[in-house]
>>> print(open('entry34.csv').read())   # CSV, C-alpha atoms and all ligand atoms
chain,number,residue,atom,x,y,z
A,1,MET,CA,118.0,124.1,89.8
A,2,GLU,CA,118.1,123.9,86.1
A,3,GLY,CA,115.6,123.4,83.3
A,4,ARG,CA,115.7,123.3,79.6
A,5,ASP,CA,115.2,126.3,77.3
A,6,LYS,CA,113.4,124.7,74.4
A,7,GLY,CA,112.1,127.8,72.7
A,8,ALA,CA,108.5,128.4,71.8
A,9,TYR,CA,108.3,126.4,68.7
A,10,GLN,CA,110.4,123.4,69.7
A,11,ARG,CA,108.3,120.3,70.2
A,12,GLU,CA,110.8,117.4,70.0
A,13,ARG,CA,109.9,114.4,72.1
A,14,GLY,CA,111.2,114.2,75.6
A,15,HIS,CA,113.8,111.8,76.9
A,16,LEU,CA,112.9,108.8,79.0
A,17,PHE,CA,115.1,108.1,82.0
A,18,ILE,CA,114.8,104.9,83.9
A,19,ILE,CA,116.2,104.3,87.4
A,20,SER,CA,116.3,100.9,89.1
A,21,ALA,CA,118.0,99.8,92.3
A,22,PRO,CA,117.7,97.0,94.8
A,23,SER,CA,115.6,97.9,97.9
A,24,GLY,CA,117.7,99.9,100.3
A,25,ALA,CA,120.2,101.2,97.7
A,26,GLY,CA,118.9,104.8,98.2
A,27,LYS,CA,116.9,105.2,95.0
A,28,SER,CA,114.1,107.3,96.5
A,29,THR,CA,116.5,109.9,97.9
A,30,LEU,CA,118.4,110.0,94.6
A,31,CYS,CA,115.2,110.4,92.5
A,32,GLN,CA,114.1,113.2,94.9
A,33,ALA,CA,117.4,115.0,94.5
A,34,LEU,CA,117.1,114.8,90.7
A,35,LEU,CA,113.5,116.1,90.7
A,36,THR,CA,114.7,119.0,92.9
A,37,HIS,CA,117.6,119.7,90.6
A,38,PHE,CA,115.8,119.4,87.2
A,39,HIS,CA,112.5,121.2,88.0
A,40,ASP,CA,111.0,120.3,84.6
A,41,LEU,CA,111.8,116.6,84.9
A,42,GLN,CA,108.4,114.8,85.1
A,43,TYR,CA,108.2,111.9,87.6
A,44,SER,CA,106.0,109.1,86.3
A,45,VAL,CA,103.7,108.1,89.1
A,46,SER,CA,103.2,104.4,89.1
A,47,TYR,CA,100.1,102.4,89.9
A,48,THR,CA,100.3,99.7,92.5
A,49,THR,CA,98.0,97.3,94.3
A,50,ARG,CA,100.1,97.5,97.5
A,51,THR,CA,98.7,99.3,100.5
A,52,PRO,CA,100.0,102.8,101.1
A,53,ARG,CA,102.8,103.2,103.7
A,54,ARG,CA,102.4,105.8,106.4
A,55,GLY,CA,103.0,109.3,104.9
A,56,GLU,CA,102.5,108.2,101.2
A,57,CYS,CA,100.2,110.3,99.1
A,58,GLU,CA,97.7,109.1,96.6
A,59,GLY,CA,98.7,110.5,93.2
A,60,LYS,CA,102.1,111.7,94.3
A,61,ASP,CA,103.9,108.6,95.4
A,62,TYR,CA,101.7,106.1,93.7
A,63,ARG,CA,98.2,105.7,92.4
A,64,PHE,CA,96.8,103.0,94.7
A,65,ILE,CA,94.3,100.7,93.0
A,66,SER,CA,92.7,97.3,93.6
A,67,LEU,CA,93.8,94.1,92.0
A,68,PRO,CA,90.6,93.8,89.8
A,69,GLU,CA,91.3,97.4,88.5
A,70,PHE,CA,94.9,96.5,87.8
A,71,GLU,CA,93.9,93.3,86.0
A,72,ARG,CA,91.3,95.2,83.9
A,73,MET,CA,94.0,97.5,82.8
A,74,VAL,CA,96.2,94.5,81.8
A,75,GLU,CA,93.3,93.2,79.6
A,76,GLN,CA,92.8,96.7,78.1
A,77,GLY,CA,96.5,96.9,77.2
A,78,LYS,CA,96.8,100.1,79.3
A,79,TRP,CA,100.3,99.4,80.7
A,80,ALA,CA,103.6,100.5,79.1
A,81,GLU,CA,105.0,97.9,81.5
A,82,TRP,CA,103.9,96.0,84.6
A,83,ALA,CA,105.4,93.6,87.0
A,84,THR,CA,104.9,91.9,90.4
A,85,VAL,CA,107.5,93.1,92.8
A,86,HIS,CA,107.8,91.7,96.4
A,87,GLY,CA,104.3,90.2,95.9
A,88,ASN,CA,102.5,93.3,94.7
A,89,TYR,CA,101.6,94.6,91.3
A,90,TYR,CA,103.1,97.7,89.8
A,91,GLY,CA,102.5,99.3,86.5
A,92,THR,CA,103.3,102.4,84.4
A,93,SER,CA,100.4,103.9,82.3
A,94,ALA,CA,101.2,103.9,78.6
A,95,ASP,CA,99.0,107.0,78.1
A,96,ASP,CA,100.8,109.0,80.9
A,97,ILE,CA,104.2,108.3,79.4
A,98,GLU,CA,103.1,109.0,75.8
A,99,ASN,CA,101.4,112.3,76.8
A,100,HIS,CA,104.5,113.6,78.5
A,101,LEU,CA,107.0,112.5,75.8
A,102,SER,CA,104.9,113.8,72.9
A,103,ALA,CA,104.6,117.1,74.8
A,104,GLY,CA,108.4,117.3,74.9
A,105,ARG,CA,108.7,116.6,78.6
A,106,ASP,CA,111.5,114.5,80.0
A,107,VAL,CA,110.2,111.6,82.2
A,108,LEU,CA,111.8,109.9,85.1
A,109,LEU,CA,110.7,106.3,85.8
A,110,ASP,CA,111.5,104.5,89.0
A,111,ILE,CA,110.8,100.9,88.2
A,112,ASP,CA,112.3,97.5,88.7
A,113,VAL,CA,114.5,95.4,86.3
A,114,GLN,CA,111.5,93.5,84.9
A,115,GLY,CA,109.7,96.7,84.0
A,116,THR,CA,112.9,98.2,82.5
A,117,ALA,CA,113.2,95.3,80.1
A,118,GLN,CA,109.6,95.9,78.8
A,119,ILE,CA,110.2,99.7,78.5
A,120,LEU,CA,113.4,99.1,76.6
A,121,GLU,CA,111.4,97.0,74.0
A,122,HIS,CA,109.0,99.9,73.3
A,123,TYR,CA,111.5,102.7,73.9
A,124,PRO,CA,114.9,101.5,73.0
A,125,ASP,CA,116.4,105.0,73.3
A,126,SER,CA,115.5,105.2,76.9
A,127,VAL,CA,118.4,106.1,79.2
A,128,SER,CA,118.6,103.3,81.8
A,129,ILE,CA,120.5,103.7,85.0
A,130,PHE,CA,121.1,101.1,87.7
A,131,ILE,CA,122.0,102.2,91.2
A,132,MET,CA,124.4,99.9,93.1
A,133,PRO,CA,124.8,99.7,96.8
A,134,PRO,CA,128.5,99.8,97.7
A,135,SER,CA,128.4,96.2,98.9
A,136,MET,CA,126.0,93.5,100.1
A,137,ASP,CA,127.1,94.1,103.7
A,138,GLU,CA,126.3,97.8,103.4
A,139,LEU,CA,122.9,97.0,101.8
A,140,LYS,CA,122.1,94.7,104.7
A,141,ALA,CA,123.1,97.3,107.2
A,142,ARG,CA,121.0,100.0,105.5
A,143,LEU,CA,117.9,97.7,105.4
A,144,GLU,CA,118.4,96.9,109.1
A,145,LYS,CA,118.8,100.5,110.0
A,146,ARG,CA,115.7,101.5,108.1
A,147,GLY,CA,113.8,99.4,110.7
A,148,THR,CA,110.7,98.9,108.5
A,149,ASP,CA,111.2,95.3,107.6
A,150,SER,CA,111.3,92.1,109.6
A,151,ARG,CA,114.4,89.9,109.6
A,152,GLU,CA,112.6,87.5,107.2
A,153,THR,CA,111.7,90.3,104.8
A,154,ILE,CA,115.3,91.6,104.9
A,155,LYS,CA,116.6,88.1,104.0
A,156,LYS,CA,114.2,88.0,101.0
A,157,ARG,CA,115.1,91.5,99.9
A,158,LEU,CA,118.8,90.6,100.0
A,159,ALA,CA,118.2,87.6,97.8
A,160,GLU,CA,116.2,89.7,95.4
A,161,ALA,CA,118.9,92.3,95.4
A,162,GLU,CA,121.5,89.7,94.3
A,163,ASN,CA,119.2,88.7,91.4
A,164,GLU,CA,118.7,92.3,90.4
A,165,ILE,CA,122.4,93.1,90.6
A,166,ARG,CA,123.2,90.2,88.3
A,167,GLN,CA,121.2,92.1,85.6
A,168,LYS,CA,122.9,95.4,86.0
A,169,ASP,CA,124.8,95.0,82.7
A,170,ARG,CA,121.5,95.5,80.8
A,171,TYR,CA,121.6,99.1,81.9
A,172,ARG,CA,123.3,101.9,80.0
A,173,HIS,CA,124.8,103.4,83.2
A,174,VAL,CA,125.7,102.0,86.6
A,175,VAL,CA,126.1,104.4,89.5
A,176,ILE,CA,127.4,103.2,92.9
A,177,ASN,CA,125.7,104.9,95.8
A,178,ASP,CA,128.7,104.9,98.1
A,179,GLN,CA,128.5,108.5,99.1
A,180,LEU,CA,125.2,110.2,98.5
A,181,GLU,CA,126.6,113.5,97.2
A,182,HIS,CA,128.8,111.7,94.6
A,183,ALA,CA,126.0,109.6,93.4
A,184,ILE,CA,123.7,112.6,93.0
A,185,GLU,CA,126.4,114.4,91.0
A,186,ALA,CA,127.0,111.4,88.8
A,187,LEU,CA,123.2,111.1,88.1
A,188,ILE,CA,122.9,114.9,87.4
A,189,ASP,CA,125.8,114.6,85.0
A,190,ILE,CA,124.3,111.7,83.1
A,191,ILE,CA,120.9,113.4,82.7
A,192,ARG,CA,122.4,116.7,81.8
A,193,ARG,CA,124.4,115.1,79.0
A,194,TYR,CA,121.4,113.6,77.3
A,195,ARG,CA,119.3,116.7,77.7
A,196,GLN,CA,121.9,118.8,76.0
A,197,ARG,CA,122.0,116.7,72.9
B,1,LIG,P1,108.1,100.2,96.8
B,1,LIG,O1,106.8,99.4,97.0
B,1,LIG,O2,109.1,99.9,97.9
B,1,LIG,O3,107.8,101.7,96.6
B,1,LIG,O4,108.7,99.7,95.4
B,1,LIG,C1,109.1,98.4,95.3
B,1,LIG,C2,109.8,98.2,93.9
B,1,LIG,O5,108.8,98.4,92.9
B,1,LIG,C3,110.9,99.2,93.6
B,1,LIG,O6,112.0,98.4,93.1
B,1,LIG,C4,110.3,100.1,92.6
B,1,LIG,O7,111.3,100.5,91.7
B,1,LIG,C5,109.4,99.1,91.9
B,1,LIG,N1,108.4,99.8,91.1
B,1,LIG,C6,107.7,101.0,91.5
B,1,LIG,N2,106.8,101.3,90.6
B,1,LIG,C7,106.9,100.4,89.6
B,1,LIG,C8,106.3,100.3,88.3
B,1,LIG,O8,105.5,101.1,87.9
B,1,LIG,N3,106.7,99.2,87.5
B,1,LIG,C9,107.7,98.3,87.9
B,1,LIG,N4,108.0,97.4,87.1
B,1,LIG,N5,108.3,98.5,89.1
B,1,LIG,C10,107.9,99.5,89.9
>>> encode(input="entry34.csv", output="structure tokens")
Amino acid sequence: MEGRDKGAYQRERGHLFIISAPSGAGKSTLCQALLTHFHDLQYSVSYTTRTPRRGECEGKDYRFISLPEFERMVEQGKWAEWATVHGNYYGTSADDIENHLSAGRDVLLDIDVQGTAQILEHYPDSVSIFIMPPSMDELKARLEKRGTDSRETIKKRLAEAENEIRQKDRYRHVVINDQLEHAIEALIDIIRRYRQR
């Protein structure tokens, strides 16, 4: 575990780290490992209109809101970014991010490629990282093993994955999640380098 010794008077803005990956590429596990390693890295809890999955906690995994609430926040300009992913709405609160960054806290965003493009417009210094599965065959195998999606859904996710992978060059870093431990090390190394600047 490591943190950042900033001294009592230092109040520089925090760094914004963005992680995107196709469904099934292991992003949740990797994000969890980063949050365990960097205890002062702030996970940005997204808002979504999708229904909670079993075991998900309100306020920890997501803030679950209704579509009218989501749309109201669109009208009020409350989102730093928002997108529809797999038929549901997801958004990142502009106030949440700004509060963390201005307090000097580093923030970790787990968002899709559409959201990343919007964040990069507002925060061009963000550190964007794309997680690649080792191959499409491996991704398919992982999705099937997960056992949470129907055959039809898996087909859809694979088509979406191909589309997302085509956009990987928009990211500053690409990490291949071939072996979990290696991918975690690579991510820790990237984040550490920016935090030490
Ligand atoms: P899931 O519903 O499986 O947790 O997430 C589905 C996808 O939505 C993932 O690719 C995840 O990165 C993305 N996602 C989660 N939160 C946000 C968000 O706030 N904004 C955007 N643009 N994508 C998000």
>>> closest_atom_pairs(input="entry34.csv", of="chain A", to="ligand LIG 1 (chain B)", cutoff="6 Å", atoms="all atoms listed in the file", output="Markdown table")
| residue | atom | partner | partner_atom | distance |
| --- | --- | --- | --- | --- |
| A:Ser20 | CA | B:LIG1 | O7 | 5.6 |
| A:Ser46 | CA | B:LIG1 | O8 | 4.2 |
| A:Tyr47 | CA | B:LIG1 | O8 | 5.9 |
| A:Trp82 | CA | B:LIG1 | N4 | 5.0 |
| A:Ala83 | CA | B:LIG1 | N4 | 4.6 |
| A:Val85 | CA | B:LIG1 | O5 | 5.5 |
| A:Tyr90 | CA | B:LIG1 | C8 | 4.4 |
| A:Gly91 | CA | B:LIG1 | O8 | 3.8 |
| A:Thr92 | CA | B:LIG1 | O8 | 4.3 |
| A:Asp110 | CA | B:LIG1 | O7 | 4.8 |
| A:Ile111 | CA | B:LIG1 | O7 | 3.6 |
| A:Asp112 | CA | B:LIG1 | N5 | 4.1 |
| A:Gln114 | CA | B:LIG1 | N4 | 5.7 |
| A:Gly115 | CA | B:LIG1 | N4 | 3.6 |
>>> residues_near_point(input="entry34.csv", point="(121.0, 107.4, 77.8)", cutoff="9 Å", atoms="all atoms listed in the file", output="list in words")
His15, Leu16, Phe17, Asp125, Ser126, Val127, Ser128, Ile129, Arg172, His173, Ile190, Ile191, Arg193 and Tyr194 of chain A
>>> closest_residue(input="entry34.csv", among="A:Ile184, A:Ala25, A:Ala103, A:Cys31", to="A:Leu158", atoms="only C-alpha atoms")
A:Ala25
>>> atom_distance(input="entry34.csv", atom1="atom CA of A:Gly26", atom2="atom CA of A:Leu67")
28.0 Å
>>> atom_distance(input="entry34.csv", atom1="atom CA of A:Gly87", atom2="atom CA of A:Thr29")
23.3 Å
>>> closest_residue(input="entry34.csv", among="A:Asn177, A:Gly14, A:Glu164, A:Glu185", to="A:Tyr123", atoms="all atoms listed in the file")
A:Gly14
>>> atom_distance(input="entry34.csv", atom1="atom CA of A:Arg53", atom2="atom CA of A:Leu109")
19.8 Å
>>> residues_around(input="entry34.csv", residues="stretch 141-144 of chain A", least_positions_apart="3", cutoff="8 Å", atoms="only C-alpha atoms", output="compact mmCIF listing (two decimals) with C-alpha atoms, keeping the file's coordinate frame")
# COMPACT_ATOMS: atom_id res chain seq x y z
CA SER A 23 115.60 97.90 97.90
CA GLY A 24 117.70 99.90 100.30
CA ALA A 25 120.20 101.20 97.70
CA ASP A 137 127.10 94.10 103.70
CA GLU A 138 126.30 97.80 103.40
CA GLY A 147 113.80 99.40 110.70
CA THR A 148 110.70 98.90 108.50
CA ASP A 149 111.20 95.30 107.60
CA ILE A 154 115.30 91.60 104.90
>>> closest_residue(input="entry34.csv", among="A:Arg157, A:His37, A:His100, A:Arg54", to="A:Glu12", atoms="all atoms listed in the file")
A:His100
>>> closest_residue(input="entry34.csv", among="A:Asn99, A:His182, A:Ala94, A:Arg105", to="A:Gln76", atoms="only C-alpha atoms")
A:Ala94
>>> closest_residue(input="entry34.csv", among="A:Leu120, A:Met132, A:Leu34, A:Ile19", to="A:Arg166", atoms="all atoms listed in the file")
A:Met132
